[in-house]
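Right, one structure below, let's go through it.
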Amino acid sequence: MRVSFFDELKRRNVIRMAGLYLVGAWLIVQVTGTLLPMFDAPAWVSRSIVTIVALGFLPALVFAWVFELTPEGIKRDAEVPPEESIAPLTARRMDRMIIVVLVLALGYFGFDKFVLAPHRNDALVAAATKAATTTTATPNADAHSIAVLPFVNMSGDEANKYFSDGISEEILNVLARTPDLHVAARTSSFSFQGKNVEVPEIALALNVRMVLEGSVRKQDDRVRITAQLIDAKTGFHVWSQTYDRQLQDIFAIQDEIAKAIGDELEVKIDSAQEGGKTSTGTENLVAYDLYLRGIALWQERREDALWQAIDLFEKATAADPKFAAGYAGQALAFAIVGDYSARMPYEEATARARDFAERTLSLDPTLPESYAALGSVAAKELRRTTADALLGRSITLRPSFATAYQWRGSQLMSNGDLEGGLALIERATALDPRSLVVAENHSFILQTLGRYDAAKARCETTLAFAPTYAGCLEDIAMANLRLNDLKAALPMFERLAAAANPGASAQGSELIAALTGSGDRHALAQRYAALKYNSMVDPASGNALVGYDIPSVLIKLGEPELALGYLEYLAGELGGTADWALMLPDLDPIRCDPRFTAVVQRMKTVDPYAAKVCAGKR
């Protein structure tokens, strides 16, 4: 009787082998696809397994056709007499194997769907959320967003680095005055200087689409500037130009570059300056040179750097008494130097900031720095409405002025508008994602909202590239303290002392010892209550914490009366920032006390938690 090919396939168990192989292969692929990522296996391992399984399918069918199971073992089909064939037995065994494999597959499918999948999805969502909060993918960045990288100094003299930096900053300042452009702040774009980072990676970190880079070669009285605009989404150069001119033409070149960028991005750049001046407003190369050095130092936010900057700004205005930006630089420096140095009384520094800002306005009422400095002074003097208006004016003049957004956000927060302050500080973060001080302010505002884990995460991102930044070390230490995570708080206090005030090396261990019952809480609290509001800059103080965090520590130590007394002390000091301390939720134990309410009124602010915490208690 003639046997059909299909019957022969069945007799030789080829069909059963195919079914068994496919089910087994599916199970192998599913299991390895789940387990390998848990061990951080490279992607090529999974691909290799799938390839091997796929390639093995045909040989398995050939093997089933050629060989057959007999009582004496596996033999070629041609060698097996009909009476020795045990194909029916083999078939029954293979049927059982297929059933077992199918049961295992179905079991795994159910386990994966109802047990593994939810956890896997949660992990994917968490990863996506983290990525979204860290940065936005470059392809989604607006085409009118740009970062100006520091131009490379090709002069062969490291001393000329400030000059190439200054060219970049001048172009950035011109672009930043354009409302239709989102311009990454100097702090962030310059943070990649000297690092081997590709343009797409920089654009991703700064959330911009366009990147301007270039080089400067300065020799005697000539300068050569090469600039190129790159679309980070495509990686292509959309514009490039080389300028070979006399040094005295430097001001015109900067405007030409800005205008060319505007033409490429189809926005109007208001860059033309009368008399060929730069956006800083001088034709004096000596004054301009000194100003560039000073503004670079101001960005560092360190005591010695700020005083050096002030000296350079003074020399710049001496070289050109009508140099408006030179006076604006002094206004900015004096507006913040009291927060970093005790060399000059706070009141005197504030008065000088106001004086230089007003002098700037008399020369050029369009410079946003003068309004920002005046807004900062008004905030310190508790003229809150005026401060908000001045900082708003600064933003109007330079829509990409991250410092103005930062100061205005902090001003709103200290006035009790926590969510409004957060919105503005988030804008400052978008404009200047690598700014240290913006990160610190952002973290603090999150803590006023009780979002301590988010506050830690914000500063941890900054510490990844600035591990010794005191502001973020303190914010994380205090967030851990507020979360009662003393084990995590201790190393952060130690890192803070090493970075900010080595004389406070024992501060963390003493505080943790007192909080865990092995130290004298009351004695330690009295020491804290006797600290000056700016003692963190005094090496002999043994303290690395800013004044507005001291009341929180006193509450933790169980000394509400001392905390109230310290708040009253801060409220009597210009720059004491008692209003910042008032906004912290951990002061709730004393929030309903009449003395606390009196401090709120003295600081001319609003207590955002009073209605909730003190309902029915007054």
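Letters A, B, ... mark the chains of the structure tokens in the order given; residue numbers begin at 1 per chain; ligand numbers begin at 1, in order shown.
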
*Show which residues sit within 8 Å of stretch 309-325 of chain A, as an MDAnalysis selection string. Count only C-alpha atoms, and ignore same-chain residues fewer than 4 positions away.*
chainID A and resid 280:282 284 286:291 293:298 305 329:330 333:334 359:361 363:364 367

*From the DSSP assignment of the backbone, select every residue of stretch 175-227 of chain A that is strand (DSSP E), and format the answer as number ranges by chain.*
A: 182-183, 210-219, 222-227

List every residue of stretch 431-451 of chain A that has an atom at most 10 Å from any atom of stretch 194-212 of chain A, giving for each one its closest atom pair and the distance in Å to one decimal, counting only C-alpha atoms, sorted by chain and then by ascending residue number, as JSON lines.
```
{"residue": "A:Leu431", "atom": "CA", "partner": "A:Leu206", "partner_atom": "CA", "distance": 7.8}
{"residue": "A:Asp432", "atom": "CA", "partner": "A:Leu206", "partner_atom": "CA", "distance": 7.6}
{"residue": "A:Pro433", "atom": "CA", "partner": "A:Leu206", "partner_atom": "CA", "distance": 6.5}
{"residue": "A:Arg434", "atom": "CA", "partner": "A:Leu206", "partner_atom": "CA", "distance": 8.2}
```

*asked:* Report as a ChimeraX atom specification all protein, DNA and RNA residues lying within 12 Å of stretch 340-344 of chain A, evaluated on only C-alpha atoms, omitting residues in the same chain fewer than 6 positions from it.
replied: /A:298,300-307,333-334,350-352,470-471,500,532-539,546,575

*Within 10 Å of A:Arg458, counting only C-alpha atoms, which residues show up once you throw out same-chain ones fewer than 5 positions away? Write them as a VMD selection string, please.*
chain A and resid 133 to 134 439 to 440 442 to 444 446 452 to 453 463 472 475 to 476

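Secondary structure from DSSP on the backbone puts helix (DSSP H, G or I) at the following positions of stretch 405-435 of chain A: A:Tyr405, A:Gln406, A:Trp407, A:Arg408, A:Gly409, A:Ser410, A:Gln411, A:Leu412, A:Met413, A:Ser414, A:Leu418, A:Glu419, A:Gly420, A:Gly421, A:Leu422, A:Ala423, A:Leu424, A:Ile425, A:Glu426, A:Arg427, A:Ala428, A:Thr429, A:Ala430, A:Leu431.
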
*List the neighbours of A:Phe163 out to 12 Å using only C-alpha atoms; skip same-chain residues closer than 2 positions along the sequence, and give me the result as number ranges by chain.*
A: 150-155, 157-161, 165-170, 215-219, 223, 225, 247, 250, 285-286, 288-296

_A:Thr386 surroundings by only C-alpha atoms, 12 Å radius, close-in-sequence under 6 positions cut, as a count of residues only_ = 14

*asked:* Under the rule that only C-alpha atoms are counted, which of A:Ala430, A:Leu473, A:Lys233, A:Ala54 is the nearest residue to A:Tyr21?
replied: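 Nearest candidate to A:Tyr21 out of A:Ala430, A:Leu473, A:Lys233, A:Ala54: A:Ala54.
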
_Residue nearest A:Leu172 among A:Ala404, A:Arg495, A:Pro368, A:Arg398 (counting only C-alpha atoms)_ = A:Arg398

*Please provide as a PyMOL selection string all residues within 8 Å of A:Ser410, with the sequence filter that same-chain residues fewer than 6 positions apart are discarded (counting only C-alpha atoms).*
chain A and resi 421+425+441+445

*Distance of atom CA of A:Pro551 from atom CA of A:Arg521, expressed in Å to one decimal place*: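 Atom-to-atom, atom CA of A:Arg521 and atom CA of A:Pro551 are spaced 14.3 Å apart.
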
*Atom pair atom CA of A:Ala563 / atom CA of A:Gly616: separation (Å)*: 23.0 Å

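For the choices A:Gly19, A:Gly547, A:Gly558, A:Pro179, the atom-to-atom distance to A:Leu397 is smallest for A:Pro179 when using only C-alpha atoms.
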